[in-house]
$ cat start35.txt   # compact mmCIF, C-alpha atoms and all ligand atoms
# COMPACT_ATOMS: atom_id res chain seq x y z
CA MET A 1 -21.47 -2.59 14.98
CA LEU A 2 -19.51 -5.35 13.24
CA ALA A 3 -15.72 -5.10 13.27
CA VAL A 4 -12.78 -7.28 12.28
CA THR A 5 -10.53 -7.81 15.30
CA SER A 6 -7.17 -9.40 16.02
CA GLN A 7 -7.43 -11.98 18.82
CA GLY A 8 -3.87 -13.29 18.80
CA PRO A 9 -1.39 -14.80 16.33
CA GLU A 10 -3.28 -15.99 13.21
CA LEU A 11 -6.57 -15.35 14.99
CA ILE A 12 -9.03 -12.96 13.39
CA SER A 13 -12.65 -12.67 14.38
CA VAL A 14 -15.63 -10.59 13.36
CA GLU A 15 -17.46 -9.35 16.41
CA ASP A 16 -20.07 -6.95 17.60
CA VAL A 17 -18.38 -4.00 19.30
CA PRO A 18 -19.55 -0.55 20.46
CA LYS A 19 -19.92 2.03 17.68
CA PRO A 20 -17.34 4.85 17.99
CA GLY A 21 -18.42 8.41 18.75
CA LEU A 22 -16.83 11.84 18.26
CA GLU A 23 -14.09 12.49 20.84
CA VAL A 24 -12.79 15.93 19.85
CA ASN A 25 -14.22 18.63 17.59
CA THR A 26 -11.89 17.84 14.66
CA ASP A 27 -13.16 14.23 14.42
CA ALA A 28 -15.59 12.72 11.95
CA ILE A 29 -17.47 9.44 12.18
CA VAL A 30 -17.48 7.61 8.87
CA ARG A 31 -19.89 4.80 7.95
CA ILE A 32 -17.62 2.51 5.99
CA THR A 33 -18.78 1.17 2.64
CA THR A 34 -15.57 -0.44 1.33
CA SER A 35 -12.48 -1.56 3.23
CA ALA A 36 -9.44 -3.34 1.82
CA LEU A 37 -7.25 -6.15 3.09
CA CYS A 38 -3.60 -5.05 2.82
CA GLY A 39 -0.28 -6.91 3.04
CA THR A 40 0.52 -4.77 6.08
CA ASP A 41 -2.47 -6.34 7.87
CA MET A 42 -0.60 -9.65 7.59
CA HIS A 43 2.05 -8.32 9.96
CA VAL A 44 -0.69 -7.74 12.54
CA TYR A 45 -2.10 -11.19 11.71
CA HIS A 46 1.27 -12.78 12.45
CA HIS A 47 1.78 -10.60 15.55
CA LYS A 48 4.95 -9.04 14.15
CA ILE A 49 3.64 -5.63 15.29
CA PRO A 50 4.19 -5.06 19.03
CA ASN A 51 1.39 -4.02 21.39
CA VAL A 52 -1.69 -5.10 19.47
CA PRO A 53 -4.09 -6.20 22.22
CA ALA A 54 -6.73 -8.94 21.78
CA GLY A 55 -9.91 -7.41 20.37
CA TRP A 56 -8.07 -4.70 18.43
CA ILE A 57 -9.94 -3.43 15.32
CA VAL A 58 -7.69 -3.79 12.26
CA GLY A 59 -7.58 -2.23 8.77
CA HIS A 60 -6.32 1.05 7.31
CA GLU A 61 -7.59 1.30 3.71
CA PHE A 62 -11.21 2.42 3.54
CA CYS A 63 -13.92 4.55 1.94
CA GLY A 64 -17.28 5.52 3.31
CA VAL A 65 -19.90 8.16 3.95
CA VAL A 66 -19.54 10.88 6.57
CA GLU A 67 -22.08 10.21 9.32
CA ASP A 68 -21.23 12.85 11.90
CA ILE A 69 -18.69 15.68 12.27
CA GLY A 70 -17.19 17.68 15.13
CA ASP A 71 -17.81 21.45 15.33
CA ALA A 72 -14.39 22.30 13.91
CA VAL A 73 -14.72 20.17 10.76
CA THR A 74 -15.34 22.52 7.83
CA GLY A 75 -14.47 20.48 4.73
CA PHE A 76 -17.13 17.79 5.01
CA LYS A 77 -20.74 17.32 5.99
CA PRO A 78 -22.84 14.25 6.75
CA GLY A 79 -23.61 12.37 3.55
CA ASP A 80 -20.31 13.18 1.80
CA ARG A 81 -18.50 10.22 0.23
CA VAL A 82 -14.88 10.09 1.36
CA VAL A 83 -11.65 8.13 1.09
CA SER A 84 -9.24 8.10 4.02
CA SER A 85 -5.49 8.25 4.25
CA MET A 86 -4.03 5.19 6.02
CA TYR A 87 -2.66 7.48 8.73
CA VAL A 88 -3.43 10.78 10.39
CA ALA A 89 -1.23 13.88 10.17
CA CYS A 90 -1.94 17.52 11.02
CA GLY A 91 -0.79 19.14 7.76
CA ARG A 92 0.54 22.20 9.60
CA CYS A 93 3.59 21.29 11.69
CA PRO A 94 7.14 21.73 10.27
CA ALA A 95 7.35 18.01 9.35
CA CYS A 96 4.02 18.11 7.49
CA VAL A 97 4.89 21.35 5.72
CA ALA A 98 8.13 19.69 4.57
CA GLY A 99 6.05 16.85 3.12
CA ASP A 100 7.24 14.39 5.76
CA HIS A 101 3.84 13.58 7.24
CA ARG A 102 5.08 10.40 8.92
CA ARG A 103 7.06 12.56 11.36
CA CYS A 104 3.99 14.60 12.31
CA LYS A 105 3.49 15.07 16.03
CA ASP A 106 -0.11 13.90 15.53
CA PHE A 107 0.81 10.76 13.55
CA GLN A 108 -1.55 7.85 14.17
CA MET A 109 -2.08 4.91 11.84
CA PHE A 110 -5.43 3.17 11.67
CA GLY A 111 -5.63 -0.40 12.91
CA MET A 112 -2.01 -1.00 13.96
CA GLY A 113 -2.19 -0.87 17.77
CA ALA A 114 -0.42 1.16 20.44
CA ALA A 115 2.93 1.38 18.62
CA PHE A 116 1.21 3.32 15.82
CA GLY A 117 -0.80 5.74 17.94
CA ASN A 118 -3.66 3.60 19.27
CA LEU A 119 -6.23 4.34 16.57
CA PRO A 120 -8.86 1.63 15.88
CA GLY A 121 -9.00 0.51 12.27
CA GLY A 122 -11.30 0.64 9.30
CA GLN A 123 -12.35 -2.97 8.76
CA ALA A 124 -15.58 -2.19 10.57
CA GLU A 125 -18.97 -0.66 9.97
CA TYR A 126 -17.93 2.69 11.47
CA VAL A 127 -14.66 4.41 12.27
CA ARG A 128 -13.65 7.56 14.12
CA VAL A 129 -11.42 9.68 11.88
CA PRO A 130 -9.23 12.25 13.71
CA LEU A 131 -8.32 15.55 12.00
CA ALA A 132 -11.00 14.75 9.43
CA ASP A 133 -10.40 17.80 7.23
CA MET A 134 -6.87 16.56 6.56
CA THR A 135 -7.27 12.78 6.81
CA LEU A 136 -10.21 12.50 4.41
CA ARG A 137 -10.61 13.40 0.75
CA ALA A 138 -13.92 13.74 -1.08
CA ILE A 139 -14.54 11.06 -3.71
CA PRO A 140 -15.43 12.81 -6.97
CA GLN A 141 -19.08 12.19 -7.82
CA ASP A 142 -18.60 9.90 -10.79
CA LEU A 143 -15.84 7.78 -9.24
CA SER A 144 -16.40 4.54 -7.33
CA ASP A 145 -15.04 3.40 -3.99
CA GLU A 146 -13.09 0.71 -5.82
CA SER A 147 -11.30 3.11 -8.12
CA THR A 148 -10.28 5.52 -5.34
CA ILE A 149 -9.76 3.45 -2.19
CA PHE A 150 -6.05 2.80 -2.85
CA THR A 151 -5.14 6.51 -3.01
CA GLY A 152 -4.89 6.42 0.80
CA ASP A 153 -2.28 3.67 0.82
CA ILE A 154 -0.92 1.25 -1.77
CA LEU A 155 -1.47 3.33 -4.90
CA ALA A 156 0.20 6.29 -3.19
CA THR A 157 3.01 3.94 -2.12
CA ALA A 158 3.65 2.75 -5.69
CA PHE A 159 3.48 6.32 -6.98
CA THR A 160 5.84 7.60 -4.26
CA ALA A 161 8.32 4.83 -5.12
CA LEU A 162 8.31 5.66 -8.84
CA ARG A 163 8.76 9.35 -8.13
CA GLN A 164 11.56 8.84 -5.62
CA SER A 165 13.36 6.40 -7.93
CA GLY A 166 14.28 9.32 -10.16
CA ILE A 167 13.57 7.39 -13.39
CA VAL A 168 13.41 9.36 -16.61
CA GLU A 169 11.89 8.79 -20.05
CA GLY A 170 12.97 5.51 -21.59
CA ASP A 171 14.55 4.01 -18.47
CA THR A 172 14.57 0.26 -17.95
CA ILE A 173 13.11 -0.89 -14.65
CA ALA A 174 12.52 -4.18 -12.85
CA ILE A 175 9.86 -4.89 -10.24
CA VAL A 176 10.54 -7.83 -7.93
CA GLY A 177 7.21 -9.06 -6.55
CA ALA A 178 3.93 -8.88 -8.46
CA GLY A 179 1.60 -8.54 -5.50
CA PRO A 180 -0.80 -5.57 -5.33
CA VAL A 181 1.98 -2.96 -4.97
CA GLY A 182 4.02 -4.61 -7.74
CA GLU A 183 0.99 -4.52 -10.01
CA LEU A 184 0.38 -0.83 -9.26
CA LEU A 185 4.06 -0.10 -9.95
CA ALA A 186 3.73 -1.78 -13.36
CA MET A 187 0.45 0.08 -14.01
CA CYS A 188 1.90 3.52 -13.13
CA ALA A 189 5.40 3.04 -14.59
CA PRO A 190 4.44 4.44 -18.04
CA ILE A 191 3.27 7.69 -16.37
CA PHE A 192 6.90 8.19 -15.29
CA GLY A 193 8.22 7.35 -18.75
CA ALA A 194 9.54 3.86 -18.03
CA GLY A 195 10.54 2.07 -21.22
CA GLN A 196 11.17 -1.64 -20.72
CA VAL A 197 9.49 -2.97 -17.55
CA TYR A 198 10.46 -6.39 -16.15
CA VAL A 199 8.33 -8.05 -13.46
CA ILE A 200 9.72 -10.98 -11.48
CA ASP A 201 7.58 -13.34 -9.37
CA ILE A 202 7.11 -17.04 -8.74
CA VAL A 203 3.28 -17.05 -8.83
CA PRO A 204 2.13 -17.68 -12.43
CA GLU A 205 -1.27 -15.92 -11.99
CA ARG A 206 0.46 -12.79 -10.74
CA LEU A 207 2.84 -12.75 -13.70
CA GLU A 208 -0.08 -13.27 -16.06
CA SER A 209 -1.98 -10.31 -14.66
CA VAL A 210 0.87 -7.77 -15.10
CA LYS A 211 1.24 -8.61 -18.79
CA LYS A 212 -1.71 -6.32 -19.51
CA PHE A 213 0.48 -3.38 -18.46
CA GLY A 214 3.05 -4.29 -21.09
CA ALA A 215 5.53 -5.83 -18.66
CA THR A 216 7.99 -8.59 -19.59
CA THR A 217 7.58 -11.29 -16.95
CA ILE A 218 10.23 -13.54 -15.47
CA ASP A 219 9.74 -16.57 -13.22
CA PRO A 220 13.14 -16.96 -11.52
CA ARG A 221 12.58 -20.73 -11.20
CA GLU A 222 12.58 -20.94 -14.98
CA GLN A 223 14.99 -18.19 -16.02
CA ASP A 224 17.78 -16.35 -14.25
CA PRO A 225 16.54 -12.72 -14.13
CA ARG A 226 20.04 -11.24 -14.16
CA LYS A 227 21.13 -13.32 -17.14
CA LEU A 228 17.98 -12.59 -19.14
CA ILE A 229 17.99 -8.83 -18.45
CA LYS A 230 21.71 -8.66 -19.22
CA GLU A 231 21.10 -10.29 -22.60
CA GLN A 232 18.08 -8.19 -23.46
CA THR A 233 19.62 -4.86 -22.43
CA GLY A 234 22.97 -5.53 -24.11
CA GLY A 235 24.63 -5.59 -20.69
CA LEU A 236 23.22 -2.23 -19.57
CA MET A 237 20.93 -3.71 -16.87
CA CYS A 238 18.22 -1.69 -15.03
CA ASP A 239 18.21 1.99 -14.19
CA ALA A 240 15.99 1.29 -11.18
CA VAL A 241 14.79 -1.87 -9.46
CA PHE A 242 11.79 -1.99 -7.11
CA GLU A 243 11.72 -4.58 -4.33
CA ALA A 244 7.98 -5.04 -3.78
CA ALA A 245 7.85 -8.42 -2.06
CA GLY A 246 9.30 -7.60 1.35
CA ASN A 247 11.52 -10.66 1.78
CA GLU A 248 15.20 -11.55 1.66
CA PRO A 249 15.27 -13.64 -1.55
CA ALA A 250 13.45 -10.85 -3.41
CA MET A 251 15.89 -8.27 -2.04
CA LYS A 252 18.78 -10.44 -3.19
CA THR A 253 17.32 -10.63 -6.70
CA ALA A 254 16.64 -6.87 -6.68
CA PHE A 255 20.26 -6.02 -5.85
CA SER A 256 21.51 -8.21 -8.70
CA LEU A 257 19.76 -6.14 -11.36
CA PRO A 258 20.71 -2.42 -11.30
CA ARG A 259 23.32 -0.93 -13.59
CA PRO A 260 26.36 0.76 -11.99
CA ASN A 261 25.06 4.01 -10.38
CA GLY A 262 21.51 2.60 -10.56
CA ALA A 263 18.94 2.48 -7.77
CA VAL A 264 17.21 -0.16 -5.70
CA VAL A 265 13.96 1.11 -4.24
CA LEU A 266 12.74 -0.80 -1.17
CA VAL A 267 8.94 -0.70 -1.31
CA GLY A 268 7.98 -4.05 0.23
CA MET A 269 7.33 -4.10 3.95
CA LEU A 270 10.64 -5.34 5.36
CA VAL A 271 10.44 -6.06 9.08
CA ASN A 272 13.11 -8.52 10.26
CA GLU A 273 14.94 -9.18 7.00
CA HIS A 274 18.72 -8.97 6.77
CA PHE A 275 20.51 -6.95 4.16
CA PRO A 276 21.65 -9.37 1.43
CA LEU A 277 24.95 -7.74 0.48
CA THR A 278 27.93 -5.94 1.93
CA ALA A 279 28.64 -2.24 2.11
CA GLY A 280 31.52 -2.97 -0.29
CA ASP A 281 29.12 -4.43 -2.87
CA LEU A 282 27.07 -1.24 -2.74
CA TRP A 283 30.08 1.03 -2.85
CA LEU A 284 31.75 -0.73 -5.77
CA ARG A 285 28.64 -0.45 -7.91
CA ASN A 286 27.58 2.90 -6.42
CA THR A 287 24.06 1.57 -5.96
CA LYS A 288 21.58 4.04 -4.52
CA VAL A 289 19.31 2.43 -1.91
CA ILE A 290 16.00 4.24 -1.58
CA PRO A 291 13.63 3.03 1.16
CA VAL A 292 10.10 4.23 0.45
CA LEU A 293 7.20 4.73 2.81
CA GLY A 294 4.02 5.64 0.97
CA ALA A 295 3.21 9.35 1.05
CA PRO A 296 -0.55 9.63 0.45
CA TYR A 297 -0.77 13.29 1.51
CA SER A 298 1.78 14.33 -1.10
CA HIS A 299 0.19 12.35 -3.94
CA ARG A 300 -3.52 11.68 -3.41
CA ASP A 301 -4.86 14.82 -5.15
CA GLU A 302 -2.70 14.12 -8.20
CA LEU A 303 -3.80 10.48 -8.11
CA LEU A 304 -7.50 11.37 -7.90
CA LYS A 305 -7.03 13.59 -10.98
CA LEU A 306 -5.25 10.80 -12.90
CA ILE A 307 -8.04 8.37 -11.93
CA ALA A 308 -10.74 10.83 -13.01
CA ALA A 309 -8.90 11.33 -16.32
CA GLY A 310 -8.85 7.56 -16.91
CA LYS A 311 -5.03 7.40 -16.73
CA ILE A 312 -5.04 5.01 -13.76
CA ASP A 313 -7.58 2.24 -13.19
CA ALA A 314 -6.53 0.86 -9.83
CA ALA A 315 -9.75 -1.14 -9.37
CA GLN A 316 -8.29 -3.64 -11.85
CA ILE A 317 -6.13 -5.13 -9.11
CA ILE A 318 -9.15 -6.18 -7.00
CA THR A 319 -9.58 -9.94 -7.22
CA ASP A 320 -12.04 -10.71 -4.44
CA ARG A 321 -15.09 -8.95 -2.98
CA ILE A 322 -16.07 -10.34 0.40
CA PRO A 323 -18.64 -9.34 3.06
CA LEU A 324 -17.14 -8.22 6.38
CA SER A 325 -18.50 -11.40 7.98
CA GLY A 326 -16.06 -13.42 5.83
CA ALA A 327 -12.96 -11.63 7.17
CA ALA A 328 -11.48 -14.51 9.19
CA GLU A 329 -11.45 -16.80 6.15
CA ALA A 330 -10.19 -13.95 3.95
CA TYR A 331 -7.15 -13.35 6.21
CA ALA A 332 -6.29 -17.06 6.17
CA ALA A 333 -6.70 -17.27 2.38
CA PHE A 334 -4.61 -14.11 1.85
CA ASP A 335 -1.92 -15.61 4.05
CA ARG A 336 -1.92 -18.72 1.83
CA LYS A 337 -1.61 -16.35 -1.19
CA GLU A 338 -4.94 -17.57 -2.54
CA LEU A 339 -6.19 -13.98 -2.65
CA GLN A 340 -4.35 -11.19 -4.44
CA LYS A 341 -6.25 -8.05 -3.43
CA ALA A 342 -9.48 -8.43 -1.52
CA ILE A 343 -11.94 -5.78 -0.47
CA PHE A 344 -14.67 -6.04 2.11
CA GLU A 345 -18.03 -4.78 0.94
CA VAL A 346 -19.18 -3.43 4.26
CA GLY A 347 -22.90 -3.43 5.02
CA SER A 348 -23.68 -5.72 2.09
ZN ZN B 1 -1.88 -0.97 3.59
ZN ZN B 2 1.93 17.58 11.21

$ encode --input "start35.txt" --output "structure tokens"
Amino acid sequence: MLAVTSQGPELISVEDVPKPGLEVNTDAIVRITTSALCGTDMHVYHHKIPNVPAGWIVGHEFCGVVEDIGDAVTGFKPGDRVVSSMYVACGRCPACVAGDHRRCKDFQMFGMGAAFGNLPGGQAEYVRVPLADMTLRAIPQDLSDESTIFTGDILATAFTALRQSGIVEGDTIAIVGAGPVGELLAMCAPIFGAGQVYVIDIVPERLESVKKFGATTIDPREQDPRKLIKEQTGGLMCDAVFEAAGNEPAMKTAFSLPRPNGAVVLVGMLVNEHFPLTAGDLWLRNTKVIPVLGAPYSHRDELLKLIAAGKIDAAQIITDRIPLSGAAEAYAAFDRKELQKAIFEVGS
């Protein structure tokens, strides 16, 4: 089968590898139909994730059709259309029952190498899905892959961040970074009652595309976000600010925008970045810092209902549709920020 593999820093190839088979009776084999390229994959691309060997199959956002199931799988049968969570969890242990699936003893993330549980990824024609009854969700009949694929990762991440921010009806928020997660935050913010929504980015196309969600856009090279928001809110500033870029300058901007007792929600993938302010700065302003890891298991059923009801149209963020064979170029173009959100149409 064809699979997208990491071969070293900035080296992606598409190669023919053995098709996976069932290993234990709770597994399913899924024939992938759609797989997405995620910002997190860029950390593998740049070898910021330890222990990713050459030839490792990448990718963790995917939809497909169940091809084969182990004897213990009861929720699915061959032919069912499914969307996967980006990681595996058992759903039964104390951590899972508490809603903290990332602490599950069975945690494994697709496509991220040994440090994340050694589970080959979903940018491939087939994937082995452990604990299939829990990891997979059926795609409702009249919904497409494109509208549902992000429930397993970035849509759930944006939704988790909005929920954990504690915003209430009429609150003013700012989103720093208008990449895919920033766009989904702007798209979902009205569901949580957000009033004024500011989006800050330096890429004009990204700012343009969030205007359709009613956001007020700010390019910090043209206007000082703090000054503008201060003027427009009569000095009240933001109730919550979402850092969705995953870099130090964006974090610095984010921490300049909350009101006293407000919140900064860290949604972007921060790996080696330093904290841009002192403990005293936080204490004086009583800023709540809320780091968010996406919680697909706690939100995907609600998200699928909102999608079916037409309340969320996440497919709008897709900018590029690429065959799997074009993956190496797609990674390089995404790294140059020439792609916003690309999906691989697998088998096309
Ligand atoms: Zn992802
Ligand atoms: Zn568990």

$ closest_residue --input "start35.txt" --among "A:Ala333, A:Cys90, A:Ile49, A:Leu162" --to "Pro9 of chain A" --atoms "only C-alpha atoms"
A:Ile49

$ closest_atom_pairs --input "start35.txt" --of "segment 61-105 of chain A" --to "segment 135-150 of chain A" --cutoff "9 Å" --atoms "all atoms listed in the file" --output "Markdown table"
| residue | atom | partner | partner_atom | distance |
| --- | --- | --- | --- | --- |
| A:Glu61 | CA | A:Ile149 | CA | 6.6 |
| A:Phe62 | CA | A:Ile149 | CA | 6.0 |
| A:Cys63 | CA | A:Ile149 | CA | 6.0 |
| A:Gly64 | CA | A:Asp145 | CA | 7.9 |
| A:Gly75 | CA | A:Ala138 | CA | 8.9 |
| A:Phe76 | CA | A:Ala138 | CA | 8.0 |
| A:Asp80 | CA | A:Ala138 | CA | 7.0 |
| A:Arg81 | CA | A:Ile139 | CA | 5.6 |
| A:Val82 | CA | A:Ala138 | CA | 4.5 |
| A:Val83 | CA | A:Arg137 | CA | 5.4 |
| A:Ser84 | CA | A:Leu136 | CA | 4.5 |
| A:Ser85 | CA | A:Thr135 | CA | 5.5 |
| A:Met86 | CA | A:Thr135 | CA | 8.3 |
| A:Tyr87 | CA | A:Thr135 | CA | 7.3 |
| A:Val88 | CA | A:Thr135 | CA | 5.6 |
| A:Ala89 | CA | A:Thr135 | CA | 7.0 |
| A:Cys90 | CA | A:Thr135 | CA | 8.3 |

$ write_last_selection --input "start35.txt" --atoms "C-alpha atoms" --output "PDB file, keeping the file's coordinate frame"
ATOM      1  CA  GLU A  61      -7.590   1.300   3.710  1.00  0.00           C
ATOM      2  CA  PHE A  62     -11.210   2.420   3.540  1.00  0.00           C
ATOM      3  CA  CYS A  63     -13.920   4.550   1.940  1.00  0.00           C
ATOM      4  CA  GLY A  64     -17.280   5.520   3.310  1.00  0.00           C
ATOM      5  CA  GLY A  75     -14.470  20.480   4.730  1.00  0.00           C
ATOM      6  CA  PHE A  76     -17.130  17.790   5.010  1.00  0.00           C
ATOM      7  CA  ASP A  80     -20.310  13.180   1.800  1.00  0.00           C
ATOM      8  CA  ARG A  81     -18.500  10.220   0.230  1.00  0.00           C
ATOM      9  CA  VAL A  82     -14.880  10.090   1.360  1.00  0.00           C
ATOM     10  CA  VAL A  83     -11.650   8.130   1.090  1.00  0.00           C
ATOM     11  CA  SER A  84      -9.240   8.100   4.020  1.00  0.00           C
ATOM     12  CA  SER A  85      -5.490   8.250   4.250  1.00  0.00           C
ATOM     13  CA  MET A  86      -4.030   5.190   6.020  1.00  0.00           C
ATOM     14  CA  TYR A  87      -2.660   7.480   8.730  1.00  0.00           C
ATOM     15  CA  VAL A  88      -3.430  10.780  10.390  1.00  0.00           C
ATOM     16  CA  ALA A  89      -1.230  13.880  10.170  1.00  0.00           C
ATOM     17  CA  CYS A  90      -1.940  17.520  11.020  1.00  0.00           C
TER      18      CYS A  90
END

$ closest_residue --input "start35.txt" --among "A:Glu15, A:Asp153, A:Glu125, A:Asp68" --to "ligand ZN 1 (chain B)" --atoms "all atoms listed in the file"
A:Asp153

$ residues_near_ligand --input "start35.txt" --ligand "ligand ZN 1 (chain B)" --cutoff "6 Å" --atoms "all atoms listed in the file" --output "MDAnalysis selection string"
chainID A and resid 38 40 153:154

$ closest_residue --input "start35.txt" --among "A:Glu23, A:His47, A:Lys77, A:Cys104" --to "ligand ZN 2 (chain B)" --atoms "only C-alpha atoms and all ligand atoms"
A:Cys104

$ residues_near_ligand --input "start35.txt" --ligand "ligand ZN 2 (chain B)" --cutoff "9 Å" --atoms "only C-alpha atoms and all ligand atoms" --output "PyMOL selection string"
chain A and resi 88-97+100-107

$ closest_residue --input "start35.txt" --among "A:Gly177, A:Gly234, A:Gly294, A:Pro50" --to "Ile218 of chain A" --atoms "only C-alpha atoms"
A:Gly177

$ closest_residue --input "start35.txt" --among "A:Tyr126, A:Trp283, A:Tyr198, A:Phe192" --to "Ala174 of chain A" --atoms "all atoms listed in the file"
A:Tyr198

$ atom_distance --input "start35.txt" --atom1 "atom CA of Val44 of chain A" --atom2 "atom CA of Glu183 of chain A"
22.8 Å

$ atom_distance --input "start35.txt" --atom1 "atom CA of Val289 of chain A" --atom2 "atom CA of Ala98 of chain A"
21.6 Å

$ atom_distance --input "start35.txt" --atom1 "atom CA of Gln108 of chain A" --atom2 "atom CA of Leu155 of chain A"
19.6 Å

$ residues_near_point --input "start35.txt" --point "(-15.5, 21.1, 19.3)" --cutoff "10 Å" --atoms "all atoms listed in the file" --output "mmCIF file with C-alpha atoms, in the coordinates of the input"
data_model
loop_
_atom_site.group_PDB
_atom_site.id
_atom_site.type_symbol
_atom_site.label_atom_id
_atom_site.label_comp_id
_atom_site.auth_asym_id
_atom_site.auth_seq_id
_atom_site.Cartn_x
_atom_site.Cartn_y
_atom_site.Cartn_z
ATOM 1 C CA LEU A 22 -16.830 11.840 18.260
ATOM 2 C CA GLU A 23 -14.090 12.490 20.840
ATOM 3 C CA VAL A 24 -12.790 15.930 19.850
ATOM 4 C CA ASN A 25 -14.220 18.630 17.590
ATOM 5 C CA THR A 26 -11.890 17.840 14.660
ATOM 6 C CA ASP A 27 -13.160 14.230 14.420
ATOM 7 C CA ILE A 69 -18.690 15.680 12.270
ATOM 8 C CA GLY A 70 -17.190 17.680 15.130
ATOM 9 C CA ASP A 71 -17.810 21.450 15.330
ATOM 10 C CA ALA A 72 -14.390 22.300 13.910
ATOM 11 C CA VAL A 73 -14.720 20.170 10.760
#

$ residues_near_point --input "start35.txt" --point "(23.2, -4.1, -4.2)" --cutoff "7 Å" --atoms "only C-alpha atoms" --output "ChimeraX atom specification"
/A:255-256,277,281-282,287

$ closest_residue --input "start35.txt" --among "A:Gly121, A:Gly170, A:Pro180, A:Pro78" --to "Ile318 of chain A" --atoms "all atoms listed in the file"
A:Pro180

$ residues_around --input "start35.txt" --residues "Val197 of chain A" --least-positions-apart "6" --cutoff "7 Å" --atoms "only C-alpha atoms" --output "VMD selection string"
chain A and resid 172 to 174 215 to 216

$ decode --input "start35.txt" --residues "segment 257-298 of chain A" --atoms "C-alpha atoms" --output "tab-separated table (two decimals), in the first residue's frame"
chain	number	residue	atom	x	y	z
A	257	LEU	CA	-4.85	41.53	25.63
A	258	PRO	CA	-6.84	40.08	28.57
A	259	ARG	CA	-8.66	42.23	31.08
A	260	PRO	CA	-7.66	41.93	34.76
A	261	ASN	CA	-8.90	38.48	35.93
A	262	GLY	CA	-9.19	37.41	32.28
A	263	ALA	CA	-7.84	34.24	30.70
A	264	VAL	CA	-5.20	33.31	28.15
A	265	VAL	CA	-5.88	29.92	26.61
A	266	LEU	CA	-2.83	28.23	25.08
A	267	VAL	CA	-4.10	26.22	22.12
A	268	GLY	CA	-1.18	26.42	19.68
A	269	MET	CA	1.37	23.63	19.82
A	270	LEU	CA	4.13	25.13	21.97
A	271	VAL	CA	7.21	22.93	22.07
A	272	ASN	CA	10.38	24.87	22.95
A	273	GLU	CA	8.96	28.36	23.40
A	274	HIS	CA	9.78	30.44	26.47
A	275	PHE	CA	7.15	32.09	28.59
A	276	PRO	CA	7.00	35.77	27.57
A	277	LEU	CA	6.26	37.33	30.96
A	278	THR	CA	7.07	37.05	34.63
A	279	ALA	CA	5.11	35.39	37.40
A	280	GLY	CA	4.66	38.91	38.80
A	281	ASP	CA	2.99	40.08	35.58
A	282	LEU	CA	0.50	37.23	35.85
A	283	TRP	CA	-0.10	37.75	39.54
A	284	LEU	CA	-0.64	41.50	39.29
A	285	ARG	CA	-3.28	41.09	36.60
A	286	ASN	CA	-4.59	37.80	38.01
A	287	THR	CA	-4.46	36.28	34.53
A	288	LYS	CA	-5.67	32.70	34.29
A	289	VAL	CA	-3.44	30.58	32.03
A	290	ILE	CA	-5.30	27.64	30.54
A	291	PRO	CA	-3.25	25.18	28.46
A	292	VAL	CA	-5.55	23.11	26.25
A	293	LEU	CA	-4.99	19.73	24.69
A	294	GLY	CA	-7.83	18.76	22.36
A	295	ALA	CA	-10.31	16.33	23.92
A	296	PRO	CA	-12.03	14.57	21.01
A	297	TYR	CA	-13.59	11.84	23.17
A	298	SER	CA	-15.39	14.41	25.32
